[in-house]
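Trainee: Okay, here's the structure, questions in a sec.
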Amino acid sequence: MANIIDGKAISLQIKDEVKAKTARLKEAGIEICLAVIQVGTDPASSVYVGNKKKACEYCGIRSESYELPEETTEDELIGLIERLNSDTAVNGILVQLPLPSHINEDRVIMTIDPSKDVDGFSVNSVGALCIGRKGFRSCTPAGIIELLKRSNIEITGKECVVIGRSNIVGKPMALMMLQENATVTIAHSKTADLKSVAKRADILIVAVGKPKMITSEYVKDGAVVIDVGIHRNENNKLCGDVDYDDVFDKCSYITPVPGGVGPMTIAMLMYNCVVNM
Ligand code: NAD
């Protein structure tokens, strides 16, 4: 039977640490400000942006909100980011993705000043991670590292398999586990015999984007299973990429969905806003 990793509780610990830091900074006359930009009215994006603003409020971070219409041009958005880059009162800039299809996301992300790239998506931030330099770490994988460490799960020397190679989860996740001295394998849609590859893992991190794909057949006895996926099932209930009920008795630790990895992403965004202060 697995131990459940409580992402809600751990994310609250992190937000409380950030809150204590912003309070100390305020006493020294320093206010932290995150600029949050949303283009269009995609309902899922609006929920994420709303949650980020709420977390800022909780943590004592001032959030500046820019809700731009769907027809905003790429140049207008770039212009706003350039203005925020040079605004010394703004510490972090977050552009909610996805952007409308007429806007080039890469160009937009690359415009954000690397010192304000709190999402950690820019080439600078990813490059710094790759060569082990200081820099903003992508929030979801950084949150998973915190979940493991704060649950006292040993990473050094362990076999880690990351399923998924996206730029925002799979790849940075693999690099962060490598930095923590795991032996890392990245599996993906073209991996041959995924089951036997996944079964090598002491720590199996699943970011595959397919509801309940990972069953007990992919899991070694006693493995730690981290589920990054978020989906709505046929009954409109949240579920992950892992078949939780099927895997539960086989692993030593597991993250639930909801309440596992999800809350960590925003907590690490808050952490990134104060990490250099
Ligand atoms: P993505 O679609 O960009 O990447 C999925 C990856 O899975 C790809 O690299 C692909 O090669 C691999 N893949 C697809 N089918 C496969 C298969 N059959 N076998 C092996 N590998 C396969 O997704 P993403 O952005 O990395 O997100 C993954 C999941 O995590 C999604 O469910 C997403 O909603 C969720 N997510 C959650 C958070 C969070 O805060 N909890 C953050 C980001 C993403």
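If you're wondering about the labels, chains in the structure tokens are A, B, ... by order shown, residues count from 1 in each chain, ligands from 1 in order shown.
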So that I can check the surroundings of Phe248 (chain A), please list as number ranges by chain every protein, DNA and RNA residue that reaches within 8 Å of it, counting only C-alpha atoms and ignoring chain neighbours fewer than 5 positions away.
Mentor: A: 1-2, 254
Trainee: So which residues of region 4-212 of chain A fall under strand (DSSP E or B) by DSSP, listed as a PyMOL selection string?
Mentor: chain A and resi 4+33-39+62-68+92-95+159-163+183-187+203-206
Trainee: For the contact check between chain A and ligand 1, emit one row per residue of chain A within 7 Å, containing the shortest atom pair and the distance in Å rounded to one decimal, counting only C-alpha atoms and all ligand atoms, chain then rising number order, as CSV.
Mentor:
```
residue,atom,partner,partner_atom_place_in_ligand_line,distance
A:Thr140,CA,ligand 1,40 (O),5.4
A:Ile163,CA,ligand 1,21 (N),5.6
A:Gly164,CA,ligand 1,7 (O),3.6
A:Arg165,CA,ligand 1,9 (O),3.6
A:Ser166,CA,ligand 1,26 (O),4.5
A:Ile168,CA,ligand 1,25 (O),6.1
A:Val169,CA,ligand 1,26 (O),4.7
A:Gly170,CA,ligand 1,26 (O),5.7
A:Ala187,CA,ligand 1,21 (N),6.1
A:His188,CA,ligand 1,21 (N),3.4
A:Ser189,CA,ligand 1,21 (N),3.5
A:Lys190,CA,ligand 1,20 (C),6.7
A:Thr191,CA,ligand 1,20 (C),6.4
A:Leu194,CA,ligand 1,20 (C),6.7
A:Ala207,CA,ligand 1,28 (C),4.0
A:Val208,CA,ligand 1,7 (O),3.4
A:Gly209,CA,ligand 1,32 (O),3.5
A:Lys210,CA,ligand 1,32 (O),6.3
A:Val228,CA,ligand 1,30 (O),4.5
A:Gly229,CA,ligand 1,32 (O),3.4
A:Ile230,CA,ligand 1,32 (O),4.5
A:His231,CA,ligand 1,32 (O),6.1
A:Gly240,CA,ligand 1,32 (O),6.8
A:Asp241,CA,ligand 1,32 (O),6.4
A:Val261,CA,ligand 1,41 (N),4.9
A:Gly262,CA,ligand 1,41 (N),3.6
A:Pro263,CA,ligand 1,40 (O),6.8
A:Met264,CA,ligand 1,40 (O),6.9
A:Thr265,CA,ligand 1,40 (O),4.9
```
Trainee: Ranking A:Val90, A:Leu97, A:Ala174, A:Val257 by minimum distance to Val126 (chain A) and counting only C-alpha atoms, which one comes first?
Mentor: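 Between A:Val90, A:Leu97, A:Ala174, A:Val257, the residue approaching Val126 (chain A) most closely is A:Ala174.
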Trainee: Looking only at the backbone, which of the residues in region 48-97 of chain A does DSSP tag as helix (DSSP H, G or I), as a PyMOL selection string?
Mentor: chain A and resi 48-59+74-85
Trainee: Determine, counting only C-alpha atoms, which protein, DNA and RNA residues have an atom within 10 Å of an atom of Asp16 (chain A); residues of the same chain fewer than 3 positions away are not included. Present the result as a short mmCIF file (atom, residue, chain, number, x, y, z; two decimals) with all heavy atoms, in the first residue's frame.
Mentor:
```cif
data_model
loop_
_atom_site.label_atom_id
_atom_site.label_comp_id
_atom_site.auth_asym_id
_atom_site.auth_seq_id
_atom_site.Cartn_x
_atom_site.Cartn_y
_atom_site.Cartn_z
N ILE A 10 2.26 20.33 1.17
CA ILE A 10 3.64 20.78 0.88
C ILE A 10 3.62 22.12 0.15
O ILE A 10 4.43 22.99 0.41
CB ILE A 10 4.40 19.68 0.09
CG1 ILE A 10 4.55 18.42 0.96
CG2 ILE A 10 5.77 20.18 -0.38
CD1 ILE A 10 5.14 17.20 0.27
N SER A 11 2.63 22.31 -0.74
CA SER A 11 2.57 23.60 -1.45
C SER A 11 2.24 24.73 -0.47
O SER A 11 2.74 25.84 -0.60
CB SER A 11 1.54 23.54 -2.59
OG SER A 11 0.24 23.42 -2.07
N LEU A 12 1.45 24.42 0.54
CA LEU A 12 1.11 25.43 1.55
C LEU A 12 2.35 25.81 2.37
O LEU A 12 2.59 26.99 2.64
CB LEU A 12 -0.01 24.90 2.46
CG LEU A 12 -0.64 25.93 3.40
CD1 LEU A 12 -1.24 27.10 2.64
CD2 LEU A 12 -1.72 25.26 4.26
N GLN A 13 3.16 24.78 2.70
CA GLN A 13 4.44 25.06 3.41
C GLN A 13 5.26 26.05 2.60
O GLN A 13 5.78 27.02 3.14
CB GLN A 13 5.28 23.77 3.45
CG GLN A 13 5.20 22.93 4.69
CD GLN A 13 6.00 21.62 4.47
OE1 GLN A 13 6.92 21.53 3.65
NE2 GLN A 13 5.63 20.62 5.24
N LYS A 19 5.60 33.75 1.98
CA LYS A 19 4.89 34.80 2.70
C LYS A 19 5.78 35.42 3.78
O LYS A 19 5.83 36.64 3.95
CB LYS A 19 3.65 34.15 3.35
CG LYS A 19 2.64 35.08 3.94
CD LYS A 19 1.48 34.23 4.44
CE LYS A 19 0.43 35.06 5.11
NZ LYS A 19 -0.75 34.25 5.45
N ALA A 20 6.50 34.55 4.51
CA ALA A 20 7.40 35.04 5.56
C ALA A 20 8.50 35.90 4.93
O ALA A 20 8.89 36.94 5.48
CB ALA A 20 8.01 33.86 6.32
N LYS A 21 8.99 35.49 3.76
CA LYS A 21 10.05 36.25 3.10
C LYS A 21 9.54 37.60 2.62
O LYS A 21 10.22 38.62 2.78
CB LYS A 21 10.63 35.43 1.94
CG LYS A 21 11.89 36.03 1.36
CD LYS A 21 12.69 35.01 0.57
CE LYS A 21 13.95 35.61 0.01
NZ LYS A 21 14.69 34.66 -0.83
N THR A 22 8.34 37.62 2.02
CA THR A 22 7.83 38.92 1.53
C THR A 22 7.56 39.87 2.70
O THR A 22 7.73 41.07 2.57
CB THR A 22 6.54 38.77 0.68
OG1 THR A 22 5.53 38.14 1.46
CG2 THR A 22 6.78 38.00 -0.60
N TYR A 58 -2.15 35.71 -1.22
CA TYR A 58 -1.84 34.93 -0.01
C TYR A 58 -0.39 35.15 0.41
O TYR A 58 -0.09 35.27 1.60
CB TYR A 58 -2.09 33.44 -0.28
CG TYR A 58 -1.82 32.57 0.93
CD1 TYR A 58 -2.80 32.38 1.90
CD2 TYR A 58 -0.57 31.99 1.12
CE1 TYR A 58 -2.54 31.61 3.03
CE2 TYR A 58 -0.30 31.22 2.25
CZ TYR A 58 -1.29 31.04 3.19
OH TYR A 58 -1.04 30.29 4.31
N CYS A 59 0.50 35.20 -0.57
CA CYS A 59 1.94 35.26 -0.28
C CYS A 59 2.46 36.68 -0.06
O CYS A 59 3.65 36.86 0.18
CB CYS A 59 2.73 34.62 -1.43
SG CYS A 59 2.47 32.86 -1.58
N GLY A 60 1.60 37.69 -0.19
CA GLY A 60 2.06 39.06 0.00
C GLY A 60 2.80 39.61 -1.21
O GLY A 60 3.64 40.51 -1.09
N ALA A 267 2.82 27.12 -6.34
CA ALA A 267 3.69 27.40 -5.18
C ALA A 267 5.11 27.72 -5.65
O ALA A 267 5.75 28.64 -5.13
CB ALA A 267 3.70 26.20 -4.23
#
```
Trainee: What's the 12 Å shell around Lys149 (chain A), counting only C-alpha atoms, without same-chain residues fewer than 6 positions away, as number ranges by chain?
Mentor: A: 5, 10, 142-143, 155-156, 177, 180
Trainee: Since we have the selection now, will you write its residues out, keeping C-alpha atoms, as a PDB file, in the first residue's frame?
Mentor:
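Written output follows (part.pdb):
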```
ATOM      1  CA  ILE A   5       2.338  12.477  -1.126  1.00  0.00           C
ATOM      2  CA  ILE A  10       3.637  20.775   0.877  1.00  0.00           C
ATOM      3  CA  ALA A 142      10.836  22.112  -9.669  1.00  0.00           C
ATOM      4  CA  GLY A 143       7.696  21.391  -7.621  1.00  0.00           C
ATOM      5  CA  ILE A 155      17.000  10.608  -5.208  1.00  0.00           C
ATOM      6  CA  THR A 156      20.774  10.079  -5.403  1.00  0.00           C
ATOM      7  CA  MET A 177      16.634  14.607 -11.584  1.00  0.00           C
ATOM      8  CA  GLU A 180      19.955  15.468  -8.046  1.00  0.00           C
TER       9      GLU A 180
END
```
Trainee: Pick out the residues sitting within 8 Å of region 30-35 of chain A, and hand them over as a PyMOL selection string; count only C-alpha atoms, and ignore anything fewer than 4 positions along from it in its own chain.
Mentor: chain A and resi 22+25-26+56+60-66+84+89-94+273-274
Trainee: Using CA of Val184 (chain A) and CA of Asp227 (chain A) as the two end points, give the distance in Å to one decimal.
Mentor: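 So the two atoms, CA of Val184 (chain A) and CA of Asp227 (chain A), lie 16.8 Å apart.
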Trainee: With distances taken over only C-alpha atoms, which of A:Ile131, A:Val18, A:Val219, A:Leu77 is nearest to Pro100 (chain A)?
Mentor: A:Leu77
Trainee: Nearest to Lys116 (chain A) among A:Ile14, A:Ile81, A:Leu148, A:Ala198, with distances taken over only C-alpha atoms: which residue is it?
Mentor: A:Ile81
Trainee: Pick out the residues sitting within 7 Å of Thr215 (chain A), and hand them over as a list of chain:residue names; count only C-alpha atoms, and ignore anything fewer than 3 positions along from it in its own chain.
Mentor: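 Those residues are A:Tyr218, A:Val242, A:Asp243, A:Asp246, A:Val247.
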Trainee: Would you write out those residues with all heavy atoms, as a compact mmCIF listing (two decimals), in the first residue's frame?
Mentor:
```txt
# COMPACT_ATOMS: atom_id res chain seq x y z
N TYR A 218 3.18 -1.18 -15.60
CA TYR A 218 4.32 -0.31 -15.90
C TYR A 218 5.15 -0.02 -14.64
O TYR A 218 6.11 0.74 -14.71
CB TYR A 218 3.84 1.04 -16.44
CG TYR A 218 3.18 1.02 -17.80
CD1 TYR A 218 1.87 0.59 -17.96
CD2 TYR A 218 3.88 1.46 -18.93
CE1 TYR A 218 1.25 0.59 -19.19
CE2 TYR A 218 3.27 1.47 -20.17
CZ TYR A 218 1.95 1.03 -20.30
OH TYR A 218 1.35 1.04 -21.53
N VAL A 242 -1.89 8.42 -14.54
CA VAL A 242 -1.70 7.13 -13.88
C VAL A 242 -3.05 6.59 -13.43
O VAL A 242 -3.89 7.35 -12.95
CB VAL A 242 -0.76 7.31 -12.66
CG1 VAL A 242 -0.65 6.03 -11.85
CG2 VAL A 242 0.63 7.80 -13.11
N ASP A 243 -3.23 5.28 -13.60
CA ASP A 243 -4.45 4.64 -13.08
C ASP A 243 -4.23 4.41 -11.58
O ASP A 243 -3.69 3.38 -11.14
CB ASP A 243 -4.68 3.31 -13.83
CG ASP A 243 -6.01 2.68 -13.45
OD1 ASP A 243 -6.53 2.99 -12.35
OD2 ASP A 243 -6.52 1.88 -14.25
N ASP A 246 -5.37 1.24 -9.64
CA ASP A 246 -4.68 0.03 -10.09
C ASP A 246 -3.23 -0.03 -9.57
O ASP A 246 -2.72 -1.11 -9.25
CB ASP A 246 -4.68 0.00 -11.63
CG ASP A 246 -4.23 -1.34 -12.18
OD1 ASP A 246 -4.78 -2.36 -11.73
OD2 ASP A 246 -3.31 -1.36 -13.01
N VAL A 247 -2.60 1.13 -9.48
CA VAL A 247 -1.18 1.20 -9.14
C VAL A 247 -0.94 1.25 -7.63
O VAL A 247 0.11 0.86 -7.13
CB VAL A 247 -0.59 2.46 -9.85
CG1 VAL A 247 0.71 2.91 -9.25
CG2 VAL A 247 -0.44 2.21 -11.34
```
Trainee: Go through A:Ser46, A:Thr183, A:Asn104, A:Thr72 one by one, measure the shortest atom-to-atom distance of each to Ala201 (chain A) using only C-alpha atoms, and give the residue with the smallest value.
Mentor: A:Thr183
Trainee: Show which residues sit within 6 Å of Leu204 (chain A), as a list in words. Count only C-alpha atoms, and ignore same-chain residues fewer than 3 positions away.
Mentor: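 So the residues in contact are Cys160, Val161, Ala201 and Val225 of chain A.
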Trainee: May I have the selected residues written with all heavy atoms, as an mmCIF file, in the first residue's frame?
Mentor:
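Resulting contents of out18.cif:
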```cif
data_model
loop_
_atom_site.group_PDB
_atom_site.id
_atom_site.type_symbol
_atom_site.label_atom_id
_atom_site.label_comp_id
_atom_site.auth_asym_id
_atom_site.auth_seq_id
_atom_site.Cartn_x
_atom_site.Cartn_y
_atom_site.Cartn_z
ATOM 1 N N CYS A 160 15.603 6.686 -12.340
ATOM 2 C CA CYS A 160 14.408 7.505 -12.565
ATOM 3 C C CYS A 160 14.012 7.405 -14.035
ATOM 4 O O CYS A 160 14.846 7.586 -14.915
ATOM 5 C CB CYS A 160 14.702 8.958 -12.209
ATOM 6 S SG CYS A 160 13.374 10.061 -12.678
ATOM 7 N N VAL A 161 12.759 7.107 -14.299
ATOM 8 C CA VAL A 161 12.252 7.135 -15.670
ATOM 9 C C VAL A 161 11.212 8.251 -15.751
ATOM 10 O O VAL A 161 10.263 8.297 -14.953
ATOM 11 C CB VAL A 161 11.634 5.781 -16.082
ATOM 12 C CG1 VAL A 161 11.029 5.867 -17.483
ATOM 13 C CG2 VAL A 161 12.690 4.671 -16.024
ATOM 14 N N ALA A 201 12.159 1.735 -13.165
ATOM 15 C CA ALA A 201 12.216 2.945 -12.339
ATOM 16 C C ALA A 201 12.012 2.692 -10.852
ATOM 17 O O ALA A 201 11.043 2.045 -10.448
ATOM 18 C CB ALA A 201 11.155 3.939 -12.830
ATOM 19 N N VAL A 225 5.741 6.828 -7.505
ATOM 20 C CA VAL A 225 5.054 7.205 -8.748
ATOM 21 C C VAL A 225 4.553 8.651 -8.644
ATOM 22 O O VAL A 225 3.776 8.991 -7.743
ATOM 23 C CB VAL A 225 3.879 6.243 -9.046
ATOM 24 C CG1 VAL A 225 3.125 6.688 -10.296
ATOM 25 C CG2 VAL A 225 4.394 4.812 -9.221
#
```
Trainee: So how far away is CA of Thr111 (chain A) from CA of Met268 (chain A), in Å?
Mentor: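 The value is 21.9 Å.
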Trainee: Quick check, in Å to one decimal: how far apart do CA of Arg24 (chain A) and CA of Ala55 (chain A) lie?
Mentor: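 Answer for the CA of Arg24 (chain A) to CA of Ala55 (chain A) separation: 17.9 Å.
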